[in-house]
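Data block for run32.tsv (TSV, C-alpha atoms and all ligand atoms):
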```tsv
chain	number	residue	atom	x	y	z
A	23	MET	CA	0.00	0.00	0.00
A	24	HIS	CA	2.80	2.42	0.92
A	25	ARG	CA	4.62	1.68	-2.36
A	26	HIS	CA	1.41	2.27	-4.32
A	27	VAL	CA	0.83	5.68	-2.69
A	28	ALA	CA	4.50	6.64	-3.22
A	29	TRP	CA	4.22	5.71	-6.90
A	30	GLN	CA	1.03	7.74	-7.30
A	31	ARG	CA	2.68	10.78	-5.68
A	32	ASP	CA	5.76	10.43	-7.86
A	33	ASP	CA	3.62	10.12	-10.99
A	34	TRP	CA	1.55	13.19	-10.03
A	35	GLN	CA	4.71	15.20	-9.35
A	36	TRP	CA	6.24	14.36	-12.74
A	37	LYS	CA	3.00	15.22	-14.57
A	38	THR	CA	2.56	18.49	-12.68
A	39	ALA	CA	6.21	19.51	-13.10
A	40	ARG	CA	6.08	18.66	-16.83
A	41	GLN	CA	2.93	20.74	-17.28
A	42	LEU	CA	4.52	23.71	-15.46
A	43	ALA	CA	7.78	23.40	-17.43
A	44	GLN	CA	5.89	23.30	-20.74
A	45	THR	CA	3.61	26.21	-19.82
A	46	TYR	CA	5.98	28.74	-18.23
A	47	ASP	CA	9.40	30.11	-19.24
A	48	VAL	CA	10.29	31.34	-15.74
A	49	LEU	CA	9.03	30.18	-12.35
A	50	TRP	CA	9.70	31.41	-8.83
A	51	ILE	CA	9.39	29.19	-5.79
A	52	GLU	CA	9.92	29.83	-2.12
A	53	ASP	CA	12.19	27.79	0.13
A	54	LEU	CA	9.59	27.08	2.81
A	55	ASN	CA	10.24	26.57	6.49
A	56	LEU	CA	9.02	22.98	6.47
A	57	ASP	CA	9.94	22.33	10.10
A	58	GLY	CA	7.71	25.21	11.16
A	59	MET	CA	4.90	24.01	8.91
A	60	LYS	CA	5.20	20.46	10.32
A	61	ARG	CA	4.83	21.84	13.85
A	62	LEU	CA	1.66	23.65	12.79
A	63	TRP	CA	0.05	21.16	10.42
A	64	GLY	CA	1.71	17.85	11.33
A	65	ARG	CA	2.99	14.99	9.24
A	66	LYS	CA	0.91	15.74	6.14
A	67	VAL	CA	3.45	18.43	5.21
A	68	SER	CA	6.14	15.75	4.87
A	69	ASP	CA	3.82	13.62	2.76
A	70	LEU	CA	3.55	16.38	0.21
A	71	ALA	CA	7.25	15.80	-0.59
A	72	PHE	CA	8.14	19.37	-1.50
A	73	HIS	CA	11.80	18.51	-1.88
A	74	SER	CA	11.36	15.76	-4.47
A	75	PHE	CA	8.83	17.88	-6.38
A	76	THR	CA	11.27	20.81	-6.50
A	77	GLN	CA	14.01	18.53	-7.87
A	78	LYS	CA	11.72	17.23	-10.62
A	79	LEU	CA	10.59	20.75	-11.48
A	80	ASP	CA	14.18	22.00	-11.65
A	81	TYR	CA	15.21	19.09	-13.87
A	82	LEU	CA	12.34	19.61	-16.32
A	83	MET	CA	12.71	23.40	-16.40
A	84	ARG	CA	16.39	23.05	-17.32
A	85	ALA	CA	15.65	20.31	-19.86
A	86	ASN	CA	13.18	22.65	-21.58
A	87	GLY	CA	15.55	25.64	-21.53
A	88	LYS	CA	13.51	27.40	-18.84
A	89	VAL	CA	14.54	29.00	-15.55
A	90	LEU	CA	13.50	28.19	-11.99
A	91	TYR	CA	14.24	30.83	-9.36
A	92	LYS	CA	14.23	30.25	-5.66
A	93	ARG	CA	13.58	32.74	-2.90
A	94	ASP	CA	15.22	31.90	0.38
A	95	ARG	CA	13.07	31.31	3.44
A	96	PHE	CA	14.30	34.36	5.30
A	97	PHE	CA	12.83	36.72	2.73
A	98	ALA	CA	9.66	38.05	4.41
A	99	SER	CA	7.35	37.40	1.44
A	100	SER	CA	4.24	36.82	3.55
A	101	LYS	CA	4.92	39.51	6.14
A	102	THR	CA	5.70	42.32	3.73
A	103	HIS	CA	2.70	43.96	2.05
A	104	PHE	CA	3.44	43.99	-1.67
A	105	ALA	CA	1.48	47.21	-2.30
A	106	CYS	CA	2.98	49.49	0.36
A	107	GLY	CA	5.98	47.71	1.92
A	108	TYR	CA	4.59	47.49	5.45
A	109	VAL	CA	6.13	44.59	7.39
A	110	ASN	CA	3.67	42.72	9.63
A	111	ASP	CA	5.94	41.16	12.25
A	112	GLU	CA	2.99	39.74	14.17
A	113	LEU	CA	1.82	37.52	11.30
A	114	THR	CA	1.62	33.82	12.20
A	115	LEU	CA	1.36	30.77	9.91
A	116	ALA	CA	-2.31	30.47	10.88
A	117	ASP	CA	-3.15	33.98	9.55
A	118	ARG	CA	-4.39	33.53	5.97
A	119	GLU	CA	-5.63	37.12	5.60
A	120	TRP	CA	-4.76	40.37	7.38
A	121	VAL	CA	-5.60	44.06	7.17
A	122	CYS	CA	-2.59	46.28	6.52
A	123	PRO	CA	-2.44	48.98	9.22
A	124	GLN	CA	-0.45	51.27	6.91
A	125	CYS	CA	-2.73	51.37	3.86
A	126	GLY	CA	-5.92	49.64	5.10
A	127	GLU	CA	-5.98	47.04	2.32
A	128	THR	CA	-7.06	43.45	3.09
A	129	VAL	CA	-4.10	41.22	2.25
A	130	GLN	CA	-4.57	37.62	1.04
A	131	ARG	CA	-1.49	35.89	2.42
A	132	ASP	CA	-0.67	33.54	-0.48
A	133	ILE	CA	-1.41	36.02	-3.27
A	134	ASN	CA	0.67	38.68	-1.52
A	135	ALA	CA	3.57	36.22	-1.06
A	136	ALA	CA	3.40	35.19	-4.72
A	137	ARG	CA	3.66	38.84	-5.81
A	138	MET	CA	6.58	39.43	-3.45
A	139	ILE	CA	8.40	36.34	-4.74
A	140	LYS	CA	7.83	37.22	-8.38
A	141	HIS	CA	8.72	40.90	-8.22
A	142	GLY	CA	11.43	40.86	-5.59
A	143	ARG	CA	15.02	39.86	-6.09
A	144	ALA	CA	15.39	36.18	-6.92
A	145	ARG	CA	18.34	33.95	-7.62
A	146	PRO	CA	18.59	30.88	-9.82
A	147	TRP	CA	17.56	27.72	-8.01
A	148	SER	CA	20.30	25.33	-7.06
A	149	LYS	CA	20.50	22.07	-5.16
A	150	ASP	CA	22.91	23.84	-2.79
A	151	HIS	CA	20.00	25.87	-1.46
A	152	LEU	CA	18.08	22.87	-0.13
B	1	ZN	ZN	-0.26	48.06	2.97
```
Rewrite the structure from the file as structure tokens, please.
Amino acid sequence: MHRHVAWQRDDWQWKTARQLAQTYDVLWIEDLNLDGMKRLWGRKVSDLAFHSFTQKLDYLMRANGKVLYKRDRFFASSKTHFACGYVNDELTLADREWVCPQCGETVQRDINAARMIKHGRARPWSKDHL
């Protein structure tokens, strides 16, 4: 049963990575604090196998002449409001949405982080970063 689930996950990862590598010329990903996420959400974070997915994505991006960038985990992509630059130091992993005290805008955590990762400084992904 375990082998079957592992095979299904591996197959899904290759298909998803291939689709991304064929669709996009440049991708940005964030080096997540998986230990912190495991403390909050438990073992299911490990089961998602971020590391092996990232390796597959990197391999296929390179094979297709595309570029994968990686933002390091200490870049405050979730805490910094993309629109105004305010840094919310009180943000926790459980906060999915917050109101920016500087500009009053309601901030969707994941969308804000994606904008920060895309438009901030990024460096080419490398296995050394994992
Ligand atoms: Zn703001």
Problem - Among listed residues A:His103, A:His24, A:Arg137, A:Lys88, nearest ligand ZN 1 (chain B) (using all atoms listed in the file) - result: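 Checking each candidate against ligand ZN 1 (chain B), we get A:His103 as the closest.
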Exercise for the section: State, in Å with one decimal place, the distance from CA of Met83 in chain A to CA of Asn134 in chain A. Expected result: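 Distance reported for this atom pair: 24.5 Å.
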Handout entry: Straight-line distance linking CA of Asp32 in chain A with CA of Asp132 in chain A, stated in Å to one decimal
Key =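 According to the coordinates, CA of Asp32 in chain A and CA of Asp132 in chain A are separated by 25.1 Å.
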Listed atoms of range 106-118 of chain A boxed along x, y and z, 8 Å each side, centre and edge lengths in Å, one decimal, as lines of an AutoDock Vina configuration file:
```
center_x = 0.9
center_y = 40.0
center_z = 7.3
size_x = 26.5
size_y = 35.0
size_z = 29.8
```
Completion exercise
Using all atoms listed in the file, the shortest atom-to-atom distance to Gln77 in chain A among A:Ile51, A:Gln44, A:Phe104, A:Lys60 belongs to A:Ile51
Practice task
Write out as a ChimeraX atom specification the residues lying within 12 Å of Arg84 in chain A, counting all atoms listed in the file and excluding same-chain residues fewer than 4 positions away.
Solution key: /A:39-40,43-44,46-49,77-80,88-91,146-148
Exercise for the section: Let me have all residues with an atom within 7 Å of ligand ZN 1 (chain B), counting all atoms listed in the file, laid out as a ChimeraX atom specification. Expected result: /A:103,105-108,122-127
Practice task
Please provide the set of residues having any atom within 10 Å of Trp36 in chain A, restricted to all atoms listed in the file, with same-chain residues fewer than 5 positions apart removed, written as a PyMOL selection string.
Solution key: chain A and resi 31+41-42+74-75+78-79+82
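Among A:His26, A:Asn86, A:Ala116, A:Ala135, the residue with the shortest atom-to-atom distance to Lys101 in chain A, counting all atoms listed in the file, is A:Ala135.
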Using the partial input, fill out range 124-143 of chain A with N, CA and C atoms; write the result as a short mmCIF file (atom, residue, chain, number, x, y, z; two decimals), keeping the file's coordinate frame.
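Generated output (result_28.cif):
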```cif
data_model
loop_
_atom_site.label_atom_id
_atom_site.label_comp_id
_atom_site.auth_asym_id
_atom_site.auth_seq_id
_atom_site.Cartn_x
_atom_site.Cartn_y
_atom_site.Cartn_z
N GLN A 124 -1.03 50.10 7.59
CA GLN A 124 -0.45 51.27 6.91
C GLN A 124 -1.35 51.81 5.80
N CYS A 125 -1.92 50.90 5.00
CA CYS A 125 -2.73 51.37 3.86
C CYS A 125 -4.20 50.93 3.95
N GLY A 126 -4.53 50.04 4.91
CA GLY A 126 -5.92 49.64 5.10
C GLY A 126 -6.41 48.54 4.19
N GLU A 127 -5.57 48.08 3.27
CA GLU A 127 -5.98 47.04 2.32
C GLU A 127 -6.04 45.68 3.02
N THR A 128 -7.01 44.83 2.61
CA THR A 128 -7.06 43.45 3.09
C THR A 128 -6.09 42.63 2.25
N VAL A 129 -5.18 41.94 2.93
CA VAL A 129 -4.10 41.22 2.25
C VAL A 129 -4.37 39.72 2.29
N GLN A 130 -4.47 39.07 1.12
CA GLN A 130 -4.57 37.62 1.04
C GLN A 130 -3.15 37.07 1.11
N ARG A 131 -2.85 36.32 2.13
CA ARG A 131 -1.49 35.89 2.42
C ARG A 131 -0.76 35.28 1.21
N ASP A 132 -1.36 34.27 0.58
CA ASP A 132 -0.67 33.54 -0.48
C ASP A 132 -0.50 34.38 -1.75
N ILE A 133 -1.51 35.17 -2.07
CA ILE A 133 -1.41 36.02 -3.27
C ILE A 133 -0.35 37.08 -3.05
N ASN A 134 -0.34 37.67 -1.85
CA ASN A 134 0.67 38.68 -1.52
C ASN A 134 2.07 38.08 -1.61
N ALA A 135 2.25 36.87 -1.04
CA ALA A 135 3.57 36.22 -1.06
C ALA A 135 4.00 35.93 -2.50
N ALA A 136 3.06 35.48 -3.33
CA ALA A 136 3.40 35.19 -4.72
C ALA A 136 3.89 36.44 -5.44
N ARG A 137 3.23 37.58 -5.19
CA ARG A 137 3.66 38.84 -5.81
C ARG A 137 5.05 39.24 -5.32
N MET A 138 5.27 39.08 -4.02
CA MET A 138 6.58 39.43 -3.45
C MET A 138 7.68 38.57 -4.07
N ILE A 139 7.41 37.28 -4.20
CA ILE A 139 8.40 36.34 -4.74
C ILE A 139 8.68 36.66 -6.20
N LYS A 140 7.64 36.95 -6.96
CA LYS A 140 7.83 37.22 -8.38
C LYS A 140 8.57 38.53 -8.63
N HIS A 141 8.19 39.58 -7.90
CA HIS A 141 8.72 40.90 -8.22
C HIS A 141 9.92 41.32 -7.40
N GLY A 142 10.25 40.54 -6.36
CA GLY A 142 11.43 40.86 -5.59
C GLY A 142 12.66 40.28 -6.23
N ARG A 143 13.79 40.44 -5.57
CA ARG A 143 15.02 39.86 -6.09
C ARG A 143 14.96 38.34 -5.94
#
```
